[in-house]
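The next block is final.tsv, given as TSV, C-alpha atoms.
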chain	number	residue	atom	x	y	z
A	1	MET	CA	69.97	-81.56	-36.56
A	2	HIS	CA	66.43	-82.18	-35.33
A	3	ALA	CA	64.14	-79.22	-34.76
A	4	LEU	CA	63.06	-78.96	-31.13
A	5	PRO	CA	59.41	-79.48	-30.19
A	6	LEU	CA	57.58	-76.17	-29.74
A	7	THR	CA	57.03	-76.59	-26.02
A	8	GLN	CA	60.55	-77.82	-25.22
A	9	LEU	CA	62.36	-75.01	-23.45
A	10	SER	CA	66.09	-74.31	-23.38
A	11	ASP	CA	67.83	-74.41	-19.98
A	12	GLU	CA	67.81	-70.61	-19.90
A	13	GLU	CA	64.09	-70.50	-20.69
A	14	LYS	CA	63.33	-73.13	-18.03
A	15	LEU	CA	65.26	-71.19	-15.39
A	16	PHE	CA	63.51	-67.97	-16.33
A	17	GLN	CA	60.06	-69.63	-16.33
A	18	ALA	CA	60.74	-71.18	-12.89
A	19	SER	CA	61.73	-67.83	-11.37
A	20	VAL	CA	58.55	-66.16	-12.68
A	21	ALA	CA	56.42	-69.10	-11.49
A	22	LYS	CA	57.95	-68.84	-8.00
A	23	PHE	CA	57.20	-65.10	-7.81
A	24	ALA	CA	53.65	-65.64	-9.10
A	25	LYS	CA	52.82	-68.42	-6.63
A	26	GLU	CA	54.55	-67.01	-3.55
A	27	ARG	CA	54.06	-63.27	-3.95
A	28	LEU	CA	51.17	-62.61	-6.35
A	29	ALA	CA	48.68	-65.38	-5.59
A	30	PRO	CA	48.19	-64.49	-1.89
A	31	HIS	CA	47.27	-60.88	-2.79
A	32	ALA	CA	45.34	-61.42	-6.05
A	33	ARG	CA	41.87	-61.42	-4.48
A	34	ALA	CA	42.46	-58.35	-2.27
A	35	MET	CA	43.92	-56.40	-5.21
A	36	ASP	CA	40.95	-57.42	-7.36
A	37	GLU	CA	38.50	-56.16	-4.73
A	38	ALA	CA	40.39	-52.89	-4.19
A	39	GLY	CA	40.94	-52.41	-7.93
A	40	VAL	CA	44.55	-51.44	-7.21
A	41	PHE	CA	47.86	-53.19	-7.90
A	42	ARG	CA	50.21	-53.13	-4.92
A	43	GLN	CA	53.25	-50.88	-5.34
A	44	ASP	CA	55.56	-53.31	-3.52
A	45	LEU	CA	54.68	-56.07	-6.01
A	46	LEU	CA	55.22	-53.69	-8.92
A	47	ASP	CA	58.66	-52.84	-7.47
A	48	GLU	CA	59.43	-56.56	-7.23
A	49	MET	CA	58.47	-57.08	-10.89
A	50	PHE	CA	60.98	-54.36	-11.83
A	51	ALA	CA	63.64	-55.90	-9.55
A	52	LEU	CA	63.12	-59.30	-11.19
A	53	GLY	CA	63.60	-57.75	-14.63
A	54	LEU	CA	60.04	-58.57	-15.72
A	55	MET	CA	59.36	-55.02	-16.93
A	56	GLY	CA	62.34	-54.93	-19.30
A	57	ILE	CA	62.64	-58.47	-20.67
A	58	GLY	CA	63.44	-57.54	-24.28
A	59	ILE	CA	65.36	-54.33	-23.50
A	60	PRO	CA	69.08	-54.71	-24.33
A	61	GLU	CA	71.54	-54.99	-21.43
A	62	VAL	CA	73.22	-51.76	-22.55
A	63	HIS	CA	69.95	-49.98	-21.66
A	64	GLY	CA	69.53	-51.81	-18.35
A	65	GLY	CA	67.24	-54.62	-19.54
A	66	GLN	CA	67.40	-58.42	-19.60
A	67	ASP	CA	68.28	-58.73	-23.31
A	68	GLY	CA	65.76	-61.58	-23.45
A	69	SER	CA	63.80	-62.91	-26.41
A	70	PHE	CA	60.20	-62.13	-27.30
A	71	PHE	CA	59.49	-65.75	-26.39
A	72	GLN	CA	60.70	-65.10	-22.84
A	73	SER	CA	58.20	-62.23	-22.56
A	74	VAL	CA	55.51	-64.70	-23.61
A	75	LEU	CA	56.64	-67.20	-20.95
A	76	ALA	CA	56.50	-64.50	-18.26
A	77	ILE	CA	53.05	-63.29	-19.34
A	78	GLU	CA	51.74	-66.88	-19.30
A	79	GLU	CA	53.19	-67.74	-15.87
A	80	LEU	CA	51.91	-64.56	-14.21
A	81	ALA	CA	48.40	-65.09	-15.62
A	82	LYS	CA	48.10	-68.46	-13.87
A	83	SER	CA	48.08	-66.59	-10.54
A	84	ASP	CA	46.88	-63.10	-11.49
A	85	PRO	CA	45.95	-61.98	-15.02
A	86	SER	CA	46.14	-58.33	-13.83
A	87	ALA	CA	49.88	-58.64	-13.18
A	88	SER	CA	50.16	-60.38	-16.52
A	89	ALA	CA	48.43	-57.46	-18.28
A	90	ILE	CA	50.85	-54.94	-16.72
A	91	VAL	CA	53.91	-56.92	-17.84
A	92	ASP	CA	52.37	-57.62	-21.26
A	93	VAL	CA	51.69	-53.96	-22.16
A	94	GLN	CA	55.10	-52.89	-20.82
A	95	ASN	CA	57.06	-55.45	-22.86
A	96	THR	CA	55.12	-56.17	-26.04
A	97	LEU	CA	53.73	-52.67	-26.70
A	98	VAL	CA	55.67	-49.87	-24.99
A	99	ASN	CA	59.22	-51.22	-24.78
A	100	ALA	CA	58.93	-52.93	-28.16
A	101	ALA	CA	57.75	-49.76	-29.92
A	102	ILE	CA	60.55	-47.59	-28.48
A	103	GLN	CA	63.15	-50.28	-29.11
A	104	GLN	CA	62.06	-50.74	-32.74
A	105	TRP	CA	61.09	-47.20	-33.76
A	106	GLY	CA	63.03	-44.93	-31.40
A	107	THR	CA	66.21	-43.07	-32.29
A	108	GLU	CA	69.37	-44.06	-30.43
A	109	GLU	CA	68.96	-40.94	-28.28
A	110	GLN	CA	65.32	-41.84	-27.46
A	111	ARG	CA	66.31	-45.39	-26.55
A	112	ARG	CA	69.08	-44.14	-24.26
A	113	ARG	CA	66.66	-41.72	-22.66
A	114	TRP	CA	63.65	-43.93	-22.00
A	115	LEU	CA	64.55	-47.63	-22.09
A	116	PRO	CA	66.66	-47.62	-18.88
A	117	ARG	CA	63.75	-45.98	-17.03
A	118	LEU	CA	61.26	-48.51	-18.43
A	119	ALA	CA	63.54	-51.39	-17.43
A	120	ARG	CA	64.20	-50.09	-13.92
A	121	SER	CA	61.29	-48.14	-12.47
A	122	THR	CA	58.87	-46.51	-14.93
A	123	VAL	CA	55.61	-48.10	-16.01
A	124	GLY	CA	54.72	-47.48	-19.66
A	125	SER	CA	51.29	-46.98	-21.20
A	126	TYR	CA	50.05	-47.23	-24.78
A	127	ALA	CA	47.37	-44.66	-25.61
A	128	LEU	CA	45.67	-45.46	-28.91
A	129	SER	CA	41.94	-46.02	-28.19
A	130	GLU	CA	39.34	-43.26	-28.04
A	131	ALA	CA	35.58	-43.13	-27.41
A	132	GLY	CA	34.90	-43.22	-31.16
A	133	SER	CA	37.84	-45.36	-32.23
A	134	GLY	CA	37.97	-48.85	-30.76
A	135	SER	CA	38.09	-51.49	-33.49
A	136	ASP	CA	38.21	-48.62	-36.00
A	137	ALA	CA	41.55	-47.72	-34.46
A	138	PHE	CA	42.40	-44.95	-36.88
A	139	ALA	CA	39.26	-42.84	-36.50
A	140	LEU	CA	41.29	-40.67	-34.13
A	141	THR	CA	40.08	-37.24	-33.05
A	142	THR	CA	43.15	-36.43	-30.92
A	143	ARG	CA	45.01	-33.69	-32.79
A	144	ALA	CA	48.67	-32.64	-32.76
A	145	VAL	CA	49.48	-29.21	-34.20
A	146	ARG	CA	53.06	-28.16	-34.94
A	147	ASP	CA	54.07	-25.02	-33.07
A	148	GLY	CA	57.74	-24.15	-33.64
A	149	ALA	CA	59.93	-26.78	-31.98
A	150	GLU	CA	56.89	-28.32	-30.28
A	151	TYR	CA	53.54	-29.99	-30.97
A	152	ARG	CA	50.37	-29.07	-29.12
A	153	LEU	CA	48.16	-32.08	-28.44
A	154	ASN	CA	44.45	-31.99	-27.66
A	155	GLY	CA	42.10	-34.93	-27.20
A	156	ARG	CA	40.90	-37.73	-24.95
A	157	LYS	CA	42.12	-41.30	-24.86
A	158	LEU	CA	39.93	-44.03	-23.39
A	159	TRP	CA	40.49	-47.53	-21.93
A	160	ILE	CA	44.22	-46.98	-21.47
A	161	THR	CA	45.92	-49.87	-19.63
A	162	ASN	CA	48.53	-49.02	-16.95
A	163	ALA	CA	47.55	-45.32	-17.12
A	164	ALA	CA	47.19	-44.90	-13.34
A	165	GLU	CA	50.76	-46.09	-12.67
A	166	ALA	CA	52.46	-44.97	-15.88
A	167	GLY	CA	55.30	-42.48	-15.99
A	168	LEU	CA	55.60	-42.64	-19.78
A	169	PHE	CA	52.91	-42.71	-22.48
A	170	ILE	CA	53.03	-43.52	-26.18
A	171	VAL	CA	50.19	-41.35	-27.51
A	172	PHE	CA	48.78	-41.54	-31.04
A	173	ALA	CA	47.45	-38.33	-32.57
A	174	THR	CA	46.61	-36.97	-36.03
A	175	VAL	CA	48.85	-34.21	-37.39
A	176	ASP	CA	46.94	-33.98	-40.69
A	177	ALA	CA	43.25	-34.94	-40.73
A	178	GLN	CA	43.17	-34.69	-44.56
A	179	ALA	CA	45.80	-37.42	-44.87
A	180	GLY	CA	43.62	-40.01	-43.11
A	181	TYR	CA	45.61	-42.77	-41.42
A	182	LYS	CA	48.78	-41.37	-43.01
A	183	GLY	CA	48.45	-38.34	-40.74
A	184	ILE	CA	48.70	-40.39	-37.54
A	185	THR	CA	51.86	-39.84	-35.50
A	186	ALA	CA	53.18	-41.43	-32.30
A	187	PHE	CA	54.50	-39.25	-29.47
A	188	VAL	CA	56.32	-40.28	-26.30
A	189	ILE	CA	55.02	-38.12	-23.46
A	190	GLU	CA	56.24	-38.06	-19.88
A	191	ARG	CA	53.66	-38.07	-17.11
A	192	GLU	CA	54.69	-34.71	-15.63
A	193	THR	CA	54.24	-32.90	-18.97
A	194	PRO	CA	51.81	-29.97	-18.41
A	195	GLY	CA	48.51	-30.59	-20.19
A	196	LEU	CA	48.54	-34.38	-19.68
A	197	ALA	CA	46.08	-35.58	-17.05
A	198	ILE	CA	44.71	-38.93	-15.98
A	199	GLY	CA	40.91	-38.94	-16.01
A	200	LYS	CA	38.30	-41.43	-14.87
A	201	LYS	CA	39.48	-44.86	-13.79
A	202	GLU	CA	37.19	-47.59	-15.09
A	203	ASP	CA	35.36	-49.90	-12.66
A	204	LYS	CA	35.66	-53.21	-14.48
A	205	LEU	CA	34.32	-56.75	-14.56
A	206	GLY	CA	37.75	-58.38	-14.58
A	207	ILE	CA	41.53	-57.74	-14.46
A	208	ARG	CA	40.50	-55.13	-11.91
A	209	ALA	CA	43.96	-54.59	-10.41
A	210	SER	CA	45.26	-53.58	-13.84
A	211	SER	CA	44.35	-49.91	-14.18
A	212	THR	CA	42.30	-48.71	-17.17
A	213	CYS	CA	41.85	-44.95	-17.33
A	214	GLU	CA	41.03	-42.00	-19.51
A	215	VAL	CA	44.06	-39.91	-20.58
A	216	ILE	CA	43.25	-36.25	-21.23
A	217	LEU	CA	45.43	-34.00	-23.39
A	218	ASP	CA	44.63	-30.34	-22.97
A	219	ASP	CA	47.02	-28.14	-24.92
A	220	CYS	CA	49.77	-30.60	-24.00
A	221	ARG	CA	53.07	-29.29	-25.40
A	222	VAL	CA	55.47	-31.97	-26.56
A	223	PRO	CA	58.93	-31.34	-28.08
A	224	ALA	CA	59.23	-32.42	-31.72
A	225	SER	CA	62.14	-34.61	-30.56
A	226	ASN	CA	59.54	-36.81	-28.80
A	227	VAL	CA	57.99	-37.97	-32.08
A	228	LEU	CA	58.44	-41.75	-32.27
A	229	GLY	CA	59.42	-42.95	-35.74
A	230	GLU	CA	58.52	-40.39	-38.36
A	231	THR	CA	55.62	-37.96	-38.62
A	232	GLY	CA	52.73	-39.80	-40.28
A	233	LYS	CA	54.13	-43.27	-39.44
A	234	GLY	CA	52.01	-43.73	-36.33
A	235	TYR	CA	49.61	-46.14	-38.03
A	236	LYS	CA	52.52	-48.39	-39.02
A	237	ILE	CA	53.91	-48.36	-35.48
A	238	ALA	CA	50.47	-49.14	-34.02
A	239	ILE	CA	49.69	-51.98	-36.42
A	240	GLU	CA	53.08	-53.68	-36.17
A	241	THR	CA	53.25	-53.35	-32.39
A	242	LEU	CA	49.71	-54.66	-31.88
A	243	ASN	CA	50.44	-57.65	-34.11
A	244	GLU	CA	53.10	-58.68	-31.60
A	245	GLY	CA	50.95	-57.67	-28.66
A	246	ARG	CA	48.30	-60.16	-29.72
A	247	ILE	CA	50.70	-63.02	-29.10
A	248	GLY	CA	51.10	-61.61	-25.58
A	249	ILE	CA	47.33	-61.65	-25.06
A	250	GLY	CA	47.28	-65.24	-26.32
A	251	ALA	CA	49.90	-66.09	-23.69
A	252	GLN	CA	47.92	-64.32	-20.97
A	253	MET	CA	44.76	-66.22	-21.86
A	254	THR	CA	46.64	-69.55	-22.06
A	255	GLY	CA	48.10	-68.96	-18.60
A	256	LEU	CA	44.68	-67.99	-17.23
A	257	ALA	CA	43.19	-71.21	-18.63
A	258	GLN	CA	46.03	-73.26	-17.13
A	259	GLY	CA	45.49	-71.62	-13.74
A	260	ALA	CA	41.75	-72.38	-13.81
A	261	PHE	CA	42.43	-75.96	-14.91
A	262	GLU	CA	44.92	-76.53	-12.07
A	263	HIS	CA	42.35	-75.35	-9.50
A	264	ALA	CA	39.74	-77.69	-11.00
A	265	LEU	CA	42.14	-80.64	-11.07
A	266	ALA	CA	43.23	-80.18	-7.45
A	267	TYR	CA	39.62	-79.84	-6.29
A	268	ALA	CA	38.47	-82.91	-8.25
A	269	LYS	CA	41.14	-85.00	-6.55
A	270	GLN	CA	39.99	-84.13	-3.03
A	271	ARG	CA	36.23	-83.48	-3.20
A	272	THR	CA	34.21	-86.57	-2.31
A	273	GLN	CA	30.65	-87.40	-3.38
A	274	PHE	CA	28.83	-90.76	-3.24
A	275	GLY	CA	31.74	-92.22	-1.28
A	276	LYS	CA	34.57	-91.42	-3.69
A	277	VAL	CA	36.58	-88.46	-4.99
A	278	ILE	CA	34.86	-86.83	-7.97
A	279	SER	CA	37.95	-87.31	-10.19
A	280	GLU	CA	36.96	-91.00	-10.30
A	281	PHE	CA	33.74	-90.18	-12.13
A	282	GLN	CA	34.02	-90.46	-15.89
A	283	GLY	CA	31.94	-87.31	-16.42
A	284	VAL	CA	34.48	-85.25	-14.47
A	285	GLN	CA	37.42	-87.03	-16.12
A	286	PHE	CA	36.08	-86.15	-19.57
A	287	GLU	CA	35.71	-82.49	-18.59
A	288	LEU	CA	39.31	-82.38	-17.34
A	289	ALA	CA	40.57	-84.21	-20.45
A	290	GLU	CA	38.93	-81.71	-22.78
A	291	MET	CA	40.20	-78.75	-20.75
A	292	ALA	CA	43.76	-80.11	-20.89
A	293	THR	CA	43.49	-80.68	-24.65
A	294	ASP	CA	42.16	-77.16	-25.28
A	295	ILE	CA	45.01	-75.62	-23.26
A	296	GLU	CA	47.65	-77.66	-25.06
A	297	ALA	CA	46.29	-76.52	-28.44
A	298	SER	CA	46.17	-72.92	-27.25
A	299	ARG	CA	49.76	-73.04	-25.97
A	300	LEU	CA	51.01	-74.55	-29.24
A	301	LEU	CA	49.42	-71.71	-31.25
A	302	VAL	CA	50.92	-69.07	-28.97
A	303	TYR	CA	54.39	-70.61	-28.79
A	304	ASN	CA	54.47	-71.10	-32.55
A	305	ALA	CA	53.58	-67.44	-33.19
A	306	ALA	CA	56.20	-66.29	-30.66
A	307	ARG	CA	58.92	-68.55	-32.12
A	308	LEU	CA	58.10	-67.27	-35.62
A	309	ARG	CA	58.41	-63.67	-34.37
A	310	ASP	CA	61.82	-64.41	-32.82
A	311	ALA	CA	62.97	-66.16	-36.00
A	312	GLY	CA	62.13	-63.07	-38.07
A	313	ALA	CA	59.53	-65.05	-40.05
A	314	PRO	CA	56.03	-63.77	-40.97
A	315	PHE	CA	53.67	-64.31	-38.02
A	316	LEU	CA	50.64	-62.07	-38.63
A	317	THR	CA	48.12	-64.86	-39.32
A	318	GLU	CA	49.50	-67.05	-36.54
A	319	ALA	CA	49.30	-64.16	-34.04
A	320	ALA	CA	45.66	-63.52	-34.91
A	321	MET	CA	44.85	-67.24	-34.65
A	322	ALA	CA	46.63	-67.50	-31.30
A	323	LYS	CA	44.72	-64.58	-29.80
A	324	LEU	CA	41.36	-65.67	-31.23
A	325	PHE	CA	41.67	-69.25	-30.03
A	326	ALA	CA	43.36	-68.62	-26.66
A	327	SER	CA	40.74	-66.06	-25.64
A	328	GLN	CA	37.95	-68.53	-26.43
A	329	ILE	CA	39.71	-71.32	-24.54
A	330	ALA	CA	40.32	-69.11	-21.49
A	331	GLU	CA	36.65	-68.27	-21.17
A	332	ARG	CA	35.53	-71.84	-21.77
A	333	THR	CA	38.08	-73.38	-19.40
A	334	ALA	CA	37.38	-70.94	-16.59
A	335	SER	CA	33.66	-71.64	-16.99
A	336	ARG	CA	34.22	-75.40	-16.88
A	337	ALA	CA	36.47	-75.03	-13.85
A	338	ILE	CA	33.62	-73.34	-11.97
A	339	GLU	CA	31.38	-76.29	-12.88
A	340	VAL	CA	33.92	-78.82	-11.62
A	341	LEU	CA	34.02	-76.95	-8.30
A	342	GLY	CA	30.23	-76.71	-8.25
A	343	GLY	CA	28.63	-74.31	-5.77
A	344	VAL	CA	31.90	-73.19	-4.16
A	345	GLY	CA	33.26	-72.32	-7.59
A	346	PHE	CA	30.61	-69.64	-7.84
A	347	THR	CA	31.80	-67.99	-4.61
A	348	LYS	CA	34.70	-65.60	-4.09
A	349	ASP	CA	36.28	-68.07	-1.64
A	350	TYR	CA	37.89	-69.88	-4.58
A	351	PRO	CA	39.96	-68.19	-7.33
A	352	VAL	CA	38.09	-69.62	-10.31
A	353	GLU	CA	35.25	-67.04	-10.30
A	354	LYS	CA	37.87	-64.29	-10.58
A	355	LEU	CA	39.61	-66.08	-13.46
A	356	TYR	CA	36.23	-66.40	-15.19
A	357	ARG	CA	35.71	-62.62	-14.91
A	358	ASP	CA	39.29	-61.95	-15.98
A	359	ALA	CA	38.90	-64.12	-19.10
A	360	LYS	CA	36.21	-62.00	-20.75
A	361	ILE	CA	38.52	-59.16	-21.80
A	362	GLY	CA	40.62	-61.54	-23.91
A	363	ARG	CA	38.02	-61.45	-26.69
A	364	ILE	CA	37.92	-57.65	-26.63
A	365	TYR	CA	41.22	-55.85	-26.12
A	366	GLU	CA	44.07	-55.50	-28.61
A	367	GLY	CA	41.65	-56.37	-31.39
A	368	THR	CA	38.29	-58.06	-30.84
A	369	SER	CA	37.69	-61.65	-31.90
A	370	ASN	CA	35.92	-60.42	-35.05
A	371	MET	CA	38.96	-58.28	-35.97
A	372	GLN	CA	41.12	-61.41	-35.63
A	373	ARG	CA	38.70	-63.36	-37.84
A	374	LEU	CA	38.89	-60.59	-40.45
A	375	THR	CA	42.70	-60.70	-40.40
A	376	ILE	CA	42.77	-64.49	-40.74
A	377	ALA	CA	40.12	-64.51	-43.49
A	378	LYS	CA	41.96	-61.84	-45.44
A	379	ARG	CA	45.21	-63.81	-45.28
A	380	ILE	CA	43.76	-67.16	-46.25
A	381	LEU	CA	41.79	-65.63	-49.15
A	382	GLU	CA	44.79	-63.77	-50.58
Take the structure in the file and give it back as structure tokens.
Amino acid sequence: MHALPLTQLSDEEKLFQASVAKFAKERLAPHARAMDEAGVFRQDLLDEMFALGLMGIGIPEVHGGQDGSFFQSVLAIEELAKSDPSASAIVDVQNTLVNAAIQQWGTEEQRRRWLPRLARSTVGSYALSEAGSGSDAFALTTRAVRDGAEYRLNGRKLWITNAAEAGLFIVFATVDAQAGYKGITAFVIERETPGLAIGKKEDKLGIRASSTCEVILDDCRVPASNVLGETGKGYKIAIETLNEGRIGIGAQMTGLAQGAFEHALAYAKQRTQFGKVISEFQGVQFELAEMATDIEASRLLVYNAARLRDAGAPFLTEAAMAKLFASQIAERTASRAIEVLGGVGFTKDYPVEKLYRDAKIGRIYEGTSNMQRLTIAKRILE
């Protein structure tokens, strides 16, 4: 039997991809600019993403999800990013971080309790970062103190995606400061829990419709039954979940690049200068050729990492490479797209300036480009 090419999709995958593409083009694209300007994601579109099953792709059917593969999550993230990287970010965090962590590390009772809500109606948020712990993810100051059958949590989380809409948070806190990273524990906390509050919402350069807020824990009492995994295993949960999440970011950035490229291609075919359409000029053709080549390489890296993950094979290096490369390509392609469009590309009348702003975060969140380089270097030098 011949192995299938990486980018060849099964009939099921093609059908799924087409349904996401239809939603992205018909429902998301017309509202992307207004949502970007308002800095708010429309509730009706969020409801539609739940109805389409996009918020519970990998959740088993028994818990109300789609029972899809990790690769299908990647396809959805990529398709959404072509029209609106903010929508892509919401779906990415939900599937690759929150749902994945509860599915993998939760007890059967925890899965029964939370996965159906996450599949159907509840946005999830992943609260790891703090003011003093970005790339140094485990320099956490948020503390959890055991108090009978509960833990009391105190601290502030920063740059938390989906926080404004979330009904469920995975929060990382230290139960034993002396134990270093081995004291870090993950807690699942419901929004209405007393002591949990959403603080300042960030006013951002890009992916503005995807909320990024401070999460404040002020004597927040959480039942011990809400510990995810074991006490002290939070670092393991965070690392393993983020390794998968990076493939999702790679998919988002690949989709963003594809979206920018498609705008440039369409414009080049209809814009005339010196008596002919600019796509007839070799200089423009070469730009488009290089953009297309970059995107193909980016997609191959992402798909390979996702297929490895689904096959149960090691994928750590490939995930880091996919995120590193795709985030560079997204920024470069969006920049080139603006140049193909010329002066109008620099205005808000065309979507490419937004995609250029949206691309910048790809090199920063879920592990900066330098953190990816460190991971890759460490692996190749072993």
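We find atom CA of Glu109 of chain A and atom CA of Ser225 of chain A to be spaced 9.6 Å apart.
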Residues near Ala164 of chain A, anyone? I mean within 8 Å using only C-alpha atoms, not counting same-chain ones fewer than 2 positions away, as a list in words. Asn162, Ala166, Ile198, Lys201, Ser211, Thr212 and Cys213 of chain A
Show which residues sit within 8 Å of segment 373-380 of chain A, as an NGL selection string. Count all atoms listed in the file, and ignore same-chain residues fewer than 3 positions away. :A and (317 or 320-321 or 324 or 369-370)
Within 12 Å of Phe169 of chain A, counting all atoms listed in the file, which residues show up once you throw out same-chain ones fewer than 6 positions away? Write them as a ChimeraX atom specification, please. /A:93-94,97-99,101-102,114,118,122-128,157,160-163,186-193,196-198,215-217,222,226-228
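The two atoms in question, atom CA of Arg246 of chain A and atom CA of Tyr303 of chain A, are spaced 12.1 Å apart.
Across the model, the gap from atom CA of Leu265 of chain A to atom CA of Ala306 of chain A is 28.1 Å.
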